[in-house]
>>> print(open('query-v8.txt').read())   # compact mmCIF, N, CA and C atoms
# COMPACT_ATOMS: atom_id res chain seq x y z
N MET A 103 90.52 72.89 53.90
CA MET A 103 90.06 71.53 53.80
C MET A 103 88.55 71.50 53.94
N ILE A 104 87.91 70.70 53.07
CA ILE A 104 86.46 70.51 53.13
C ILE A 104 86.21 69.21 53.89
N LEU A 105 85.49 69.30 54.98
CA LEU A 105 85.12 68.15 55.80
C LEU A 105 83.69 67.76 55.43
N VAL A 106 83.47 66.48 55.17
CA VAL A 106 82.12 66.03 54.83
C VAL A 106 81.75 64.82 55.68
N GLY A 107 80.55 64.89 56.25
CA GLY A 107 80.04 63.78 57.04
C GLY A 107 79.40 62.73 56.15
N VAL A 108 79.79 61.49 56.32
CA VAL A 108 79.28 60.38 55.50
C VAL A 108 78.75 59.29 56.42
N ASP A 109 77.52 58.88 56.17
CA ASP A 109 76.96 57.77 56.95
C ASP A 109 76.40 56.67 56.07
N GLY A 110 76.56 56.80 54.77
CA GLY A 110 76.06 55.80 53.84
C GLY A 110 74.69 56.10 53.27
N SER A 111 74.01 57.07 53.83
CA SER A 111 72.67 57.42 53.35
C SER A 111 72.77 58.14 52.00
N PRO A 112 71.67 58.16 51.23
CA PRO A 112 71.67 58.92 49.99
C PRO A 112 72.00 60.40 50.23
N ALA A 113 71.54 60.96 51.35
CA ALA A 113 71.82 62.37 51.66
C ALA A 113 73.31 62.60 51.85
N SER A 114 73.98 61.68 52.53
CA SER A 114 75.42 61.88 52.76
C SER A 114 76.21 61.65 51.48
N ARG A 115 75.73 60.80 50.60
CA ARG A 115 76.39 60.61 49.30
C ARG A 115 76.27 61.88 48.45
N LYS A 116 75.12 62.54 48.53
CA LYS A 116 74.95 63.81 47.81
C LYS A 116 75.87 64.88 48.39
N ALA A 117 76.02 64.87 49.71
CA ALA A 117 76.92 65.83 50.35
C ALA A 117 78.36 65.58 49.92
N LEU A 118 78.76 64.33 49.85
CA LEU A 118 80.12 64.00 49.42
C LEU A 118 80.33 64.42 47.97
N ARG A 119 79.36 64.17 47.13
CA ARG A 119 79.47 64.58 45.72
C ARG A 119 79.61 66.10 45.63
N TRP A 120 78.80 66.83 46.40
CA TRP A 120 78.87 68.30 46.39
C TRP A 120 80.26 68.75 46.83
N ALA A 121 80.78 68.14 47.87
CA ALA A 121 82.10 68.51 48.39
C ALA A 121 83.19 68.24 47.35
N LEU A 122 83.09 67.11 46.66
CA LEU A 122 84.08 66.79 45.63
C LEU A 122 84.00 67.77 44.46
N GLU A 123 82.80 68.11 44.05
CA GLU A 123 82.64 69.09 42.96
C GLU A 123 83.20 70.45 43.37
N GLN A 124 82.97 70.83 44.62
CA GLN A 124 83.52 72.09 45.13
C GLN A 124 85.04 72.04 45.14
N ALA A 125 85.60 70.92 45.55
CA ALA A 125 87.06 70.77 45.61
C ALA A 125 87.68 70.83 44.21
N VAL A 126 86.98 70.30 43.22
CA VAL A 126 87.47 70.38 41.84
C VAL A 126 87.57 71.85 41.43
N ARG A 127 86.57 72.65 41.81
CA ARG A 127 86.56 74.09 41.46
C ARG A 127 87.60 74.89 42.23
N THR A 128 87.82 74.55 43.49
CA THR A 128 88.65 75.40 44.36
C THR A 128 90.05 74.85 44.63
N GLY A 129 90.27 73.57 44.36
CA GLY A 129 91.57 72.98 44.65
C GLY A 129 91.73 72.56 46.11
N ASP A 130 90.65 72.63 46.88
CA ASP A 130 90.70 72.22 48.29
C ASP A 130 90.88 70.71 48.42
N THR A 131 91.32 70.29 49.59
CA THR A 131 91.36 68.87 49.92
C THR A 131 90.03 68.49 50.56
N VAL A 132 89.72 67.20 50.52
CA VAL A 132 88.46 66.71 51.08
C VAL A 132 88.76 65.61 52.09
N GLU A 133 88.08 65.71 53.24
CA GLU A 133 88.15 64.66 54.26
C GLU A 133 86.74 64.14 54.52
N ALA A 134 86.54 62.86 54.27
CA ALA A 134 85.25 62.22 54.55
C ALA A 134 85.34 61.56 55.92
N THR A 135 84.39 61.88 56.78
CA THR A 135 84.39 61.34 58.14
C THR A 135 83.12 60.56 58.40
N MET A 136 83.28 59.34 58.90
CA MET A 136 82.15 58.50 59.28
C MET A 136 82.26 58.23 60.77
N ALA A 137 81.23 58.62 61.50
CA ALA A 137 81.16 58.33 62.94
C ALA A 137 80.19 57.17 63.12
N TRP A 138 80.52 56.28 64.01
CA TRP A 138 79.66 55.13 64.24
C TRP A 138 79.70 54.74 65.69
N SER A 139 78.62 54.10 66.13
CA SER A 139 78.53 53.63 67.51
C SER A 139 78.75 52.14 67.53
N ARG A 140 79.59 51.72 68.43
CA ARG A 140 79.83 50.28 68.57
C ARG A 140 78.64 49.69 69.31
N GLU A 141 78.01 48.71 68.67
CA GLU A 141 76.85 48.05 69.26
C GLU A 141 77.32 46.97 70.23
N PRO A 142 76.67 46.85 71.38
CA PRO A 142 77.04 45.75 72.28
C PRO A 142 76.71 44.41 71.62
N GLU A 143 77.55 43.44 71.82
CA GLU A 143 77.37 42.14 71.19
C GLU A 143 76.87 41.15 72.22
N PHE A 144 75.82 40.40 71.85
CA PHE A 144 75.28 39.37 72.71
C PHE A 144 76.12 38.11 72.51
N VAL A 145 76.72 37.63 73.57
CA VAL A 145 77.52 36.40 73.51
C VAL A 145 76.98 35.47 74.58
N PRO A 146 76.23 34.44 74.17
CA PRO A 146 75.68 33.52 75.17
C PRO A 146 76.77 32.69 75.81
N ALA A 147 76.59 32.37 77.09
CA ALA A 147 77.55 31.53 77.81
C ALA A 147 77.55 30.12 77.23
N VAL A 148 76.38 29.68 76.76
CA VAL A 148 76.24 28.37 76.14
C VAL A 148 75.61 28.60 74.78
N SER A 149 76.12 27.95 73.75
CA SER A 149 75.58 28.14 72.41
C SER A 149 74.09 27.84 72.38
N LEU A 150 73.33 28.79 71.88
CA LEU A 150 71.89 28.62 71.77
C LEU A 150 71.50 28.38 70.31
N GLY A 151 72.48 27.99 69.52
CA GLY A 151 72.21 27.83 68.10
C GLY A 151 72.21 29.15 67.37
N VAL A 152 72.64 30.22 68.04
CA VAL A 152 72.69 31.55 67.44
C VAL A 152 74.14 31.82 67.09
N HIS A 153 74.37 32.13 65.84
CA HIS A 153 75.73 32.42 65.40
C HIS A 153 75.73 33.77 64.70
N PRO A 154 76.62 34.67 65.10
CA PRO A 154 76.64 35.99 64.46
C PRO A 154 76.96 35.87 62.97
N HIS A 155 76.27 36.68 62.20
CA HIS A 155 76.50 36.72 60.76
C HIS A 155 77.56 37.77 60.45
N ALA A 156 78.21 37.61 59.33
CA ALA A 156 79.28 38.54 58.92
C ALA A 156 78.76 39.95 58.73
N ASP A 157 77.46 40.11 58.43
CA ASP A 157 76.92 41.45 58.19
C ASP A 157 76.17 42.01 59.40
N SER A 158 76.29 41.38 60.55
CA SER A 158 75.63 41.88 61.75
C SER A 158 76.30 43.18 62.19
N PRO A 159 75.59 44.04 62.96
CA PRO A 159 76.20 45.29 63.42
C PRO A 159 77.50 45.08 64.17
N ALA A 160 77.62 43.98 64.90
CA ALA A 160 78.85 43.74 65.65
C ALA A 160 80.03 43.46 64.71
N ARG A 161 79.75 43.06 63.48
CA ARG A 161 80.79 42.73 62.51
C ARG A 161 80.98 43.84 61.47
N ARG A 162 80.36 44.95 61.66
CA ARG A 162 80.44 46.07 60.72
C ARG A 162 81.87 46.58 60.63
N HIS A 163 82.30 46.93 59.44
CA HIS A 163 83.64 47.46 59.22
C HIS A 163 83.51 48.87 58.64
N PRO A 164 83.38 49.88 59.49
CA PRO A 164 83.13 51.24 59.02
C PRO A 164 84.19 51.77 58.06
N ALA A 165 85.46 51.45 58.28
CA ALA A 165 86.51 51.96 57.39
C ALA A 165 86.33 51.41 55.98
N ARG A 166 85.99 50.13 55.87
CA ARG A 166 85.75 49.55 54.54
C ARG A 166 84.49 50.13 53.91
N GLU A 167 83.47 50.31 54.73
CA GLU A 167 82.21 50.89 54.24
C GLU A 167 82.46 52.31 53.72
N LEU A 168 83.19 53.12 54.48
CA LEU A 168 83.50 54.49 54.07
C LEU A 168 84.32 54.48 52.78
N HIS A 169 85.33 53.64 52.71
CA HIS A 169 86.17 53.59 51.51
C HIS A 169 85.34 53.24 50.28
N SER A 170 84.45 52.28 50.41
CA SER A 170 83.59 51.88 49.29
C SER A 170 82.71 53.04 48.83
N ILE A 171 82.12 53.75 49.78
CA ILE A 171 81.26 54.89 49.45
C ILE A 171 82.08 55.98 48.75
N VAL A 172 83.24 56.29 49.30
CA VAL A 172 84.09 57.34 48.71
C VAL A 172 84.46 56.97 47.28
N GLU A 173 84.86 55.73 47.04
CA GLU A 173 85.24 55.31 45.69
C GLU A 173 84.06 55.37 44.72
N GLN A 174 82.88 54.96 45.17
CA GLN A 174 81.69 55.01 44.32
C GLN A 174 81.36 56.45 43.93
N VAL A 175 81.38 57.35 44.90
CA VAL A 175 81.02 58.75 44.62
C VAL A 175 82.12 59.43 43.81
N ARG A 176 83.38 59.20 44.13
CA ARG A 176 84.50 59.79 43.38
C ARG A 176 84.41 59.44 41.90
N ALA A 177 83.96 58.22 41.60
CA ALA A 177 83.86 57.76 40.21
C ALA A 177 82.84 58.58 39.41
N THR A 178 81.94 59.29 40.09
CA THR A 178 80.91 60.08 39.40
C THR A 178 81.31 61.54 39.21
N VAL A 179 82.47 61.94 39.74
CA VAL A 179 82.90 63.34 39.66
C VAL A 179 84.20 63.42 38.86
N PRO A 180 84.12 63.92 37.63
CA PRO A 180 85.34 64.03 36.81
C PRO A 180 86.40 64.90 37.50
N GLY A 181 87.63 64.39 37.56
CA GLY A 181 88.72 65.14 38.17
C GLY A 181 88.69 65.20 39.67
N ALA A 182 87.88 64.34 40.30
CA ALA A 182 87.75 64.36 41.77
C ALA A 182 89.10 64.12 42.43
N PRO A 183 89.39 64.90 43.47
CA PRO A 183 90.66 64.71 44.19
C PRO A 183 90.60 63.46 45.05
N ASP A 184 91.77 63.04 45.53
CA ASP A 184 91.82 61.98 46.52
C ASP A 184 91.10 62.48 47.77
N VAL A 185 90.60 61.55 48.55
CA VAL A 185 89.84 61.89 49.75
C VAL A 185 90.49 61.22 50.96
N ALA A 186 90.77 62.01 51.98
CA ALA A 186 91.21 61.44 53.26
C ALA A 186 89.99 60.83 53.92
N GLU A 187 90.13 59.63 54.45
CA GLU A 187 89.01 58.91 55.04
C GLU A 187 89.27 58.70 56.52
N VAL A 188 88.30 59.14 57.35
CA VAL A 188 88.45 59.06 58.80
C VAL A 188 87.20 58.40 59.38
N THR A 189 87.40 57.37 60.21
CA THR A 189 86.28 56.79 60.96
C THR A 189 86.50 57.05 62.44
N ILE A 190 85.42 57.39 63.11
CA ILE A 190 85.48 57.76 64.52
C ILE A 190 84.38 57.00 65.25
N THR A 191 84.69 56.44 66.39
CA THR A 191 83.68 55.82 67.22
C THR A 191 83.07 56.90 68.09
N GLY A 192 81.76 57.07 67.99
CA GLY A 192 81.07 58.06 68.80
C GLY A 192 79.93 58.71 68.05
N ASP A 193 79.38 59.71 68.66
CA ASP A 193 78.25 60.46 68.13
C ASP A 193 78.68 61.29 66.92
N ALA A 194 77.94 61.21 65.82
CA ALA A 194 78.31 61.90 64.58
C ALA A 194 78.31 63.41 64.74
N GLY A 195 77.30 63.97 65.38
CA GLY A 195 77.25 65.42 65.56
C GLY A 195 78.44 65.95 66.34
N THR A 196 78.78 65.27 67.41
CA THR A 196 79.92 65.67 68.23
C THR A 196 81.22 65.51 67.46
N ALA A 197 81.38 64.39 66.77
CA ALA A 197 82.61 64.13 66.01
C ALA A 197 82.81 65.17 64.91
N LEU A 198 81.76 65.49 64.18
CA LEU A 198 81.89 66.47 63.09
C LEU A 198 82.13 67.88 63.63
N THR A 199 81.47 68.21 64.73
CA THR A 199 81.68 69.52 65.34
C THR A 199 83.13 69.68 65.79
N ARG A 200 83.68 68.65 66.42
CA ARG A 200 85.10 68.70 66.83
C ARG A 200 86.02 68.80 65.63
N ALA A 201 85.77 67.98 64.61
CA ALA A 201 86.63 67.99 63.42
C ALA A 201 86.52 69.31 62.66
N SER A 202 85.39 70.01 62.79
CA SER A 202 85.21 71.27 62.07
C SER A 202 86.17 72.35 62.54
N ARG A 203 86.78 72.16 63.71
CA ARG A 203 87.76 73.14 64.20
C ARG A 203 88.98 73.22 63.30
N GLN A 204 89.26 72.15 62.55
CA GLN A 204 90.42 72.10 61.66
C GLN A 204 90.02 72.28 60.19
N ALA A 205 88.73 72.51 59.92
CA ALA A 205 88.25 72.57 58.54
C ALA A 205 87.95 74.01 58.12
N ASP A 206 87.95 74.22 56.81
CA ASP A 206 87.54 75.50 56.24
C ASP A 206 86.04 75.50 55.95
N LEU A 207 85.47 74.29 55.75
CA LEU A 207 84.07 74.15 55.39
C LEU A 207 83.61 72.77 55.81
N LEU A 208 82.40 72.68 56.37
CA LEU A 208 81.78 71.41 56.72
C LEU A 208 80.58 71.22 55.79
N VAL A 209 80.46 70.02 55.23
CA VAL A 209 79.34 69.69 54.35
C VAL A 209 78.62 68.48 54.91
N VAL A 210 77.31 68.60 55.09
CA VAL A 210 76.49 67.49 55.56
C VAL A 210 75.24 67.41 54.70
N GLY A 211 74.65 66.25 54.64
CA GLY A 211 73.40 66.07 53.91
C GLY A 211 72.21 66.24 54.82
N SER A 212 71.10 66.64 54.23
CA SER A 212 69.84 66.76 54.95
C SER A 212 68.90 65.69 54.43
N CYS A 213 68.20 65.02 55.33
CA CYS A 213 67.33 63.93 54.89
C CYS A 213 65.86 64.20 55.10
N GLY A 214 65.52 65.18 55.90
CA GLY A 214 64.12 65.40 56.26
C GLY A 214 63.37 66.32 55.32
N HIS A 215 62.05 66.37 55.53
CA HIS A 215 61.19 67.21 54.70
C HIS A 215 60.23 68.05 55.51
N SER A 216 60.35 68.04 56.83
CA SER A 216 59.44 68.75 57.70
C SER A 216 59.93 70.18 57.92
N PRO A 217 59.02 71.12 58.17
CA PRO A 217 59.44 72.48 58.47
C PRO A 217 60.16 72.62 59.81
N LEU A 218 60.07 71.62 60.67
CA LEU A 218 60.77 71.69 61.95
C LEU A 218 62.25 71.45 61.70
N ALA A 219 63.10 72.30 62.25
CA ALA A 219 64.54 72.24 61.97
C ALA A 219 65.13 70.86 62.26
N GLU A 220 64.81 70.28 63.40
CA GLU A 220 65.40 68.99 63.78
C GLU A 220 65.02 67.90 62.78
N VAL A 221 63.78 67.92 62.31
CA VAL A 221 63.32 66.90 61.38
C VAL A 221 63.76 67.24 59.96
N PHE A 222 63.70 68.51 59.57
CA PHE A 222 64.10 68.90 58.22
C PHE A 222 65.57 68.63 57.99
N LEU A 223 66.40 69.00 58.95
CA LEU A 223 67.83 68.83 58.80
C LEU A 223 68.29 67.44 59.19
N GLY A 224 67.60 66.83 60.12
CA GLY A 224 68.11 65.61 60.74
C GLY A 224 68.89 66.03 61.97
N SER A 225 68.98 65.17 62.94
CA SER A 225 69.59 65.57 64.21
C SER A 225 71.08 65.89 64.07
N VAL A 226 71.81 65.17 63.22
CA VAL A 226 73.24 65.43 63.05
C VAL A 226 73.46 66.78 62.39
N ALA A 227 72.75 67.03 61.31
CA ALA A 227 72.88 68.33 60.61
C ALA A 227 72.48 69.48 61.53
N ALA A 228 71.40 69.30 62.29
CA ALA A 228 70.95 70.35 63.21
C ALA A 228 72.02 70.61 64.27
N ASP A 229 72.63 69.56 64.81
CA ASP A 229 73.73 69.71 65.77
C ASP A 229 74.88 70.50 65.16
N CYS A 230 75.24 70.14 63.94
CA CYS A 230 76.36 70.81 63.27
C CYS A 230 76.05 72.27 63.00
N VAL A 231 74.83 72.57 62.57
CA VAL A 231 74.46 73.97 62.32
C VAL A 231 74.58 74.79 63.60
N ARG A 232 74.21 74.20 64.72
CA ARG A 232 74.27 74.92 66.00
C ARG A 232 75.69 75.08 66.54
N HIS A 233 76.57 74.09 66.29
CA HIS A 233 77.83 74.06 67.02
C HIS A 233 79.11 74.07 66.19
N THR A 234 79.01 74.05 64.87
CA THR A 234 80.22 73.95 64.05
C THR A 234 81.12 75.16 64.21
N ALA A 235 82.41 74.94 64.04
CA ALA A 235 83.40 76.00 64.21
C ALA A 235 83.80 76.64 62.88
N CYS A 236 83.18 76.21 61.77
CA CYS A 236 83.51 76.77 60.46
C CYS A 236 82.21 76.94 59.67
N PRO A 237 82.27 77.58 58.50
CA PRO A 237 81.06 77.66 57.67
C PRO A 237 80.55 76.25 57.34
N ILE A 238 79.24 76.14 57.14
CA ILE A 238 78.62 74.84 56.87
C ILE A 238 77.70 74.93 55.66
N VAL A 239 77.71 73.88 54.85
CA VAL A 239 76.78 73.73 53.75
C VAL A 239 75.92 72.50 54.06
N VAL A 240 74.61 72.69 54.05
CA VAL A 240 73.69 71.56 54.23
C VAL A 240 73.07 71.29 52.88
N VAL A 241 73.38 70.13 52.31
CA VAL A 241 72.89 69.76 50.98
C VAL A 241 71.50 69.17 51.14
N PRO A 242 70.49 69.80 50.52
CA PRO A 242 69.11 69.30 50.66
C PRO A 242 68.89 68.02 49.87
N PRO A 243 67.85 67.27 50.21
CA PRO A 243 67.60 65.98 49.55
C PRO A 243 67.40 66.10 48.05
N GLU A 244 66.84 67.18 47.61
CA GLU A 244 66.54 67.32 46.16
C GLU A 244 67.70 67.92 45.38
N ALA A 245 68.86 68.09 46.02
CA ALA A 245 70.02 68.68 45.31
C ALA A 245 70.55 67.73 44.26
>>> encode(input="query-v8.txt", output="C-alpha cells")
Amino acid sequence: MILVGVDGSPASRKALRWALEQAVRTGDTVEATMAWSREPEFVPAVSLGVHPHADSPARRHPARELHSIVEQVRATVPGAPDVAEVTITGDAGTALTRASRQADLLVVGSCGHSPLAEVFLGSVAADCVRHTACPIVVVPPEA
C-alpha cells in the first residue's frame, strides 16, 4: 500500500499525483491521509454580533476537503485506482509516521527551497524522513 500525506497544498497534490501514477504502474493500493488540528472555538457568553462563518476553521470538514482533493487529482491520472481516504485529528508528522508502519511506501510533498533540511523539506516531510517505518519518497516542488 502506498500512503500519501495530503494537506491541500500544491506540494501535497503533486505527491498524491505521483502516488497515483506509481500505483497505476505497480498495481498498489493508495491511501490518502489528512491530519488536522481542531482549532478551539470562541463562543461568547453573550452575543457580541460575531457569528461563525461556514468556512471558519471551527467549521472545517477535513473528510470532505480530502475527498474533493482526491477526486480532483484522480481525474488527472488516467487509470487511477480508487483511493482510501483517512482523516486523523493530530499532528501530521506523527500521524503519517504511525500509519507508515502498515505501508509499503510513504509519499509526501516538499514545499521549501532552502538548503536547510527543515525548511527545504518542510517540518512534516522532515519528521517523516527521520521517523518513518517504510521507504519514503519526497516529491520536490518542481516535480
>>> closest_residue(input="query-v8.txt", among="A:Pro243, A:Ala134, A:Ser170, A:Ala117", to="A:Asp184", atoms="all atoms listed in the file")
A:Ala134
>>> atom_distance(input="query-v8.txt", atom1="atom CA of A:Ala205", atom2="atom N of A:Asp109")
17.6 Å
>>> closest_residue(input="query-v8.txt", among="A:Leu198, A:Val126, A:Val179, A:Ile104", to="A:Ala235", atoms="only C-alpha atoms")
A:Leu198
>>> closest_residue(input="query-v8.txt", among="A:Ala197, A:Val240, A:Ala137, A:Val108", to="A:Val175", atoms="only C-alpha atoms")
A:Val108
>>> atom_distance(input="query-v8.txt", atom1="atom C of A:Gln124", atom2="atom N of A:Cys236")
17.2 Å
>>> atom_distance(input="query-v8.txt", atom1="atom N of A:Ile171", atom2="atom N of A:Thr191")
17.0 Å
